[in-house]
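For reference, entry-v1.txt is printed below; it contains compact mmCIF, C-alpha atoms.
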```
# COMPACT_ATOMS: atom_id res chain seq x y z
CA MET A 1 15.63 -13.87 -36.17
CA PHE A 2 13.31 -10.85 -35.92
CA SER A 3 13.07 -10.75 -39.69
CA LEU A 4 10.93 -13.89 -39.36
CA ILE A 5 8.15 -11.96 -37.62
CA SER A 6 5.05 -11.75 -39.76
CA TRP A 7 3.72 -8.28 -38.91
CA GLY A 8 0.47 -8.96 -40.73
CA ALA A 9 -0.05 -12.00 -38.52
CA VAL A 10 0.85 -9.93 -35.45
CA GLY A 11 -1.75 -7.29 -36.30
CA LEU A 12 -4.47 -9.81 -37.05
CA GLY A 13 -3.51 -11.89 -34.00
CA VAL A 14 -3.80 -8.88 -31.70
CA LEU A 15 -7.24 -8.14 -33.11
CA VAL A 16 -8.37 -11.76 -32.70
CA SER A 17 -6.99 -11.83 -29.15
CA ILE A 18 -8.95 -8.71 -28.15
CA VAL A 19 -12.18 -9.91 -29.78
CA LEU A 20 -11.92 -13.41 -28.30
CA GLY A 21 -11.04 -12.04 -24.86
CA SER A 22 -13.94 -9.59 -24.98
CA ILE A 23 -16.36 -12.40 -25.80
CA TRP A 24 -14.79 -15.03 -23.48
CA PHE A 25 -14.47 -12.77 -20.44
CA GLY A 26 -17.61 -10.81 -21.35
CA PRO A 27 -20.87 -12.47 -22.32
CA LEU A 28 -19.64 -16.08 -22.16
CA PHE A 29 -17.91 -16.28 -18.77
CA GLY A 30 -17.60 -12.69 -17.52
CA LYS A 31 -19.87 -12.92 -14.49
CA LYS A 32 -18.40 -16.26 -13.43
CA TRP A 33 -14.84 -14.97 -13.86
CA MET A 34 -15.59 -11.77 -11.93
CA THR A 35 -17.10 -13.75 -9.06
CA LEU A 36 -14.11 -16.09 -8.95
CA MET A 37 -11.77 -13.09 -8.89
CA GLY A 38 -13.63 -11.65 -5.89
CA MET A 39 -15.51 -8.96 -7.80
CA ASN A 40 -19.24 -8.37 -7.66
CA PRO A 41 -20.70 -8.51 -11.19
CA ASN A 42 -23.77 -6.62 -9.93
CA ASP A 43 -21.82 -3.66 -8.49
CA THR A 44 -22.53 -1.29 -11.37
CA ALA A 45 -20.77 1.67 -9.74
CA LYS A 46 -17.54 -0.32 -9.37
CA ILE A 47 -17.87 -1.68 -12.91
CA GLU A 48 -18.37 1.82 -14.34
CA GLU A 49 -15.31 3.03 -12.41
CA GLY A 50 -13.30 0.11 -13.82
CA LYS A 51 -14.40 0.95 -17.37
CA LYS A 52 -12.64 4.31 -17.08
CA GLN A 53 -9.32 2.47 -16.71
CA MET A 54 -10.09 -0.24 -19.24
CA TRP A 55 -8.24 1.46 -22.09
CA LYS A 56 -4.98 0.93 -20.16
CA MET A 57 -5.73 -2.76 -19.77
CA TYR A 58 -6.47 -3.07 -23.49
CA VAL A 59 -3.17 -1.39 -24.39
CA ILE A 60 -1.23 -3.75 -22.11
CA GLN A 61 -3.15 -6.75 -23.47
CA MET A 62 -2.45 -5.67 -27.04
CA ILE A 63 1.28 -5.47 -26.30
CA ALA A 64 1.21 -8.90 -24.62
CA SER A 65 -0.74 -10.36 -27.56
CA ALA A 66 1.72 -8.87 -30.04
CA MET A 67 4.58 -10.49 -28.10
CA THR A 68 2.79 -13.86 -28.24
CA VAL A 69 2.09 -13.74 -31.97
CA ALA A 70 5.58 -12.45 -32.78
CA THR A 71 7.16 -15.27 -30.75
CA LEU A 72 4.92 -17.89 -32.34
CA SER A 73 5.77 -16.46 -35.76
CA ILE A 74 9.52 -16.71 -35.07
CA VAL A 75 9.25 -20.28 -33.77
CA VAL A 76 7.03 -21.53 -36.58
CA LEU A 77 8.80 -19.80 -39.45
CA ASN A 78 12.25 -20.70 -38.08
CA PHE A 79 11.36 -24.39 -38.39
CA ASP A 80 9.57 -23.97 -41.72
CA ASN A 81 6.27 -25.17 -40.26
CA PHE A 82 4.08 -23.53 -42.83
CA THR A 83 1.10 -25.89 -42.97
CA ILE A 84 -1.88 -25.21 -40.75
CA GLY A 85 -1.53 -28.62 -39.09
CA GLU A 86 2.13 -28.16 -38.21
CA THR A 87 1.58 -24.59 -37.07
CA VAL A 88 -1.42 -25.46 -34.89
CA GLY A 89 0.58 -28.40 -33.50
CA THR A 90 3.42 -26.04 -32.62
CA SER A 91 0.90 -23.62 -31.08
CA LEU A 92 -0.56 -26.40 -28.95
CA LEU A 93 2.89 -27.48 -27.82
CA MET A 94 3.68 -23.91 -26.79
CA TRP A 95 0.33 -23.71 -24.96
CA ILE A 96 1.09 -26.94 -23.09
CA GLY A 97 4.66 -25.93 -22.29
CA PHE A 98 4.17 -22.28 -21.40
CA VAL A 99 0.53 -21.32 -20.81
CA ILE A 100 -0.55 -24.29 -18.69
CA PRO A 101 2.40 -24.10 -16.25
CA SER A 102 2.01 -20.32 -15.98
CA GLU A 103 -1.73 -20.60 -15.31
CA ILE A 104 -1.14 -23.34 -12.73
CA GLY A 105 1.38 -21.11 -10.96
CA SER A 106 -1.04 -18.18 -11.03
CA VAL A 107 -3.86 -20.06 -9.32
CA LEU A 108 -1.76 -22.31 -7.10
CA TRP A 109 -0.58 -19.42 -4.93
CA SER A 110 -3.80 -17.38 -5.13
CA GLY A 111 -5.13 -18.40 -1.72
CA LYS A 112 -8.37 -19.56 -3.33
CA SER A 113 -10.11 -22.83 -2.57
CA TYR A 114 -9.28 -25.85 -4.73
CA LYS A 115 -12.65 -25.53 -6.50
CA GLU A 116 -12.06 -21.84 -7.27
CA MET A 117 -8.49 -22.53 -8.42
CA ARG A 118 -9.72 -25.25 -10.77
CA GLU A 119 -12.44 -23.01 -12.22
CA ILE A 120 -10.11 -20.03 -12.70
CA PHE A 121 -7.52 -22.30 -14.30
CA LEU A 122 -10.07 -23.83 -16.69
CA LEU A 123 -11.44 -20.43 -17.72
CA ASN A 124 -8.01 -18.89 -18.31
CA ALA A 125 -6.38 -21.96 -19.86
CA GLY A 126 -9.45 -22.57 -22.04
CA TYR A 127 -9.18 -19.05 -23.41
CA GLY A 128 -5.46 -19.63 -24.01
CA LEU A 129 -6.11 -22.90 -25.82
CA ILE A 130 -8.61 -21.39 -28.24
CA LEU A 131 -6.42 -18.34 -28.74
CA PHE A 132 -3.29 -20.37 -29.49
CA VAL A 133 -5.15 -22.52 -32.03
CA LEU A 134 -6.49 -19.38 -33.73
CA LEU A 135 -3.07 -17.73 -33.66
CA GLY A 136 -1.52 -20.85 -35.18
CA CYS A 137 -4.02 -20.68 -38.04
CA ILE A 138 -3.29 -16.97 -38.52
CA VAL A 139 0.49 -17.46 -38.60
CA ALA A 140 0.11 -20.38 -41.03
CA GLN A 141 -2.08 -18.37 -43.40
CA VAL A 142 -0.59 -14.88 -43.10
CA GLY A 143 3.01 -15.76 -42.14
```
Before we go any further, please render this structure as structure tokens.
Amino acid sequence: MFSLISWGAVGLGVLVSIVLGSIWFGPLFGKKWMTLMGMNPNDTAKIEEGKKQMWKMYVIQMIASAMTVATLSIVVLNFDNFTIGETVGTSLLMWIGFVIPSEIGSVLWSGKSYKEMREIFLLNAGYGLILFVLLGCIVAQVG
């Protein structure tokens, strides 16, 4: 089963995940996300302190992204879904079946207001949707 992992796709997928996340949770929606998470986007001292620990978060995120791409690679290549359409379809199905329920669970018990829960869910699930489509394309082309 593990022989089906496309390590080239894993490497590229990790890179795409980090770049997309940096853009999505940075210039696009960073301030909104920080506010929703109870952080002050204008607290430069706190942000600078957080940056010192950021390398740890990137390492953990890279491991998590590698797990995602490796799993997608196994699923797609196990069923011989080699076309971009079939692979993206499989990626979307995995997003619907795994990411959405997980994101719902994360916000549902957060103690936030309904409006905040909805916004956090949309930001996180939206990132996941775009990422899974991109990862599907990567696995189809590199895998």
Which neighbours of segment 26-33 of chain A fall inside 10 Å, counting all atoms listed in the file, when residues of the same chain fewer than 3 positions from it are skipped, and could you give them as number ranges by chain? A: 20-23, 36-42, 116, 119-120, 123-124
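If you measure from each of A:Ile18, A:Leu131, A:Ile100, A:Thr87 to Trp55 of chain A using only C-alpha atoms, the closest one turns out to be A:Ile18.
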Just want the 12 Å neighbourhood of Ser3 of chain A, counted on only C-alpha atoms, with same-chain residues fewer than 5 positions away dropped. Output as an NGL selection string. :A and (70-71 or 73-75 or 77-78 or 143)
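Using all atoms listed in the file, the nearest neighbour of Ala9 of chain A within the list A:Met34, A:Thr83, A:Met67, A:Ile47 is A:Met67.
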Please measure the separation of atom CA of Ile96 of chain A and atom CA of Val14 of chain A, giving the value in Å to one decimal. 20.6 Å
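With only C-alpha atoms as the atoms that count, the minimum distance from Val133 of chain A to the choices A:Ser113, A:Ser91, A:Ser102, A:Ser65 is reached by A:Ser91.
Pairwise distance (atom CA of Ile84 of chain A, atom CA of Ile138 of chain A) equals 8.7 Å.
You will find atom CA of Val139 of chain A at 9.0 Å from atom CA of Val88 of chain A.
Candidate residues A:Met62, A:Phe79, A:Glu103, A:Ile130 were compared for distance to Met117 of chain A, and the nearest is A:Glu103, using only C-alpha atoms.
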Let me make sure I understand: among A:Trp109, A:Tyr58, A:Trp7, A:Trp95, which one has the smallest atom-to-atom distance to Val142 of chain A if we use all atoms listed in the file? A:Trp7
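Residue nearest Ser6 of chain A within the list A:Ile104, A:Ala66, A:Leu134, A:Leu129: A:Ala66 [criterion: smallest interatomic distance, only C-alpha atoms].
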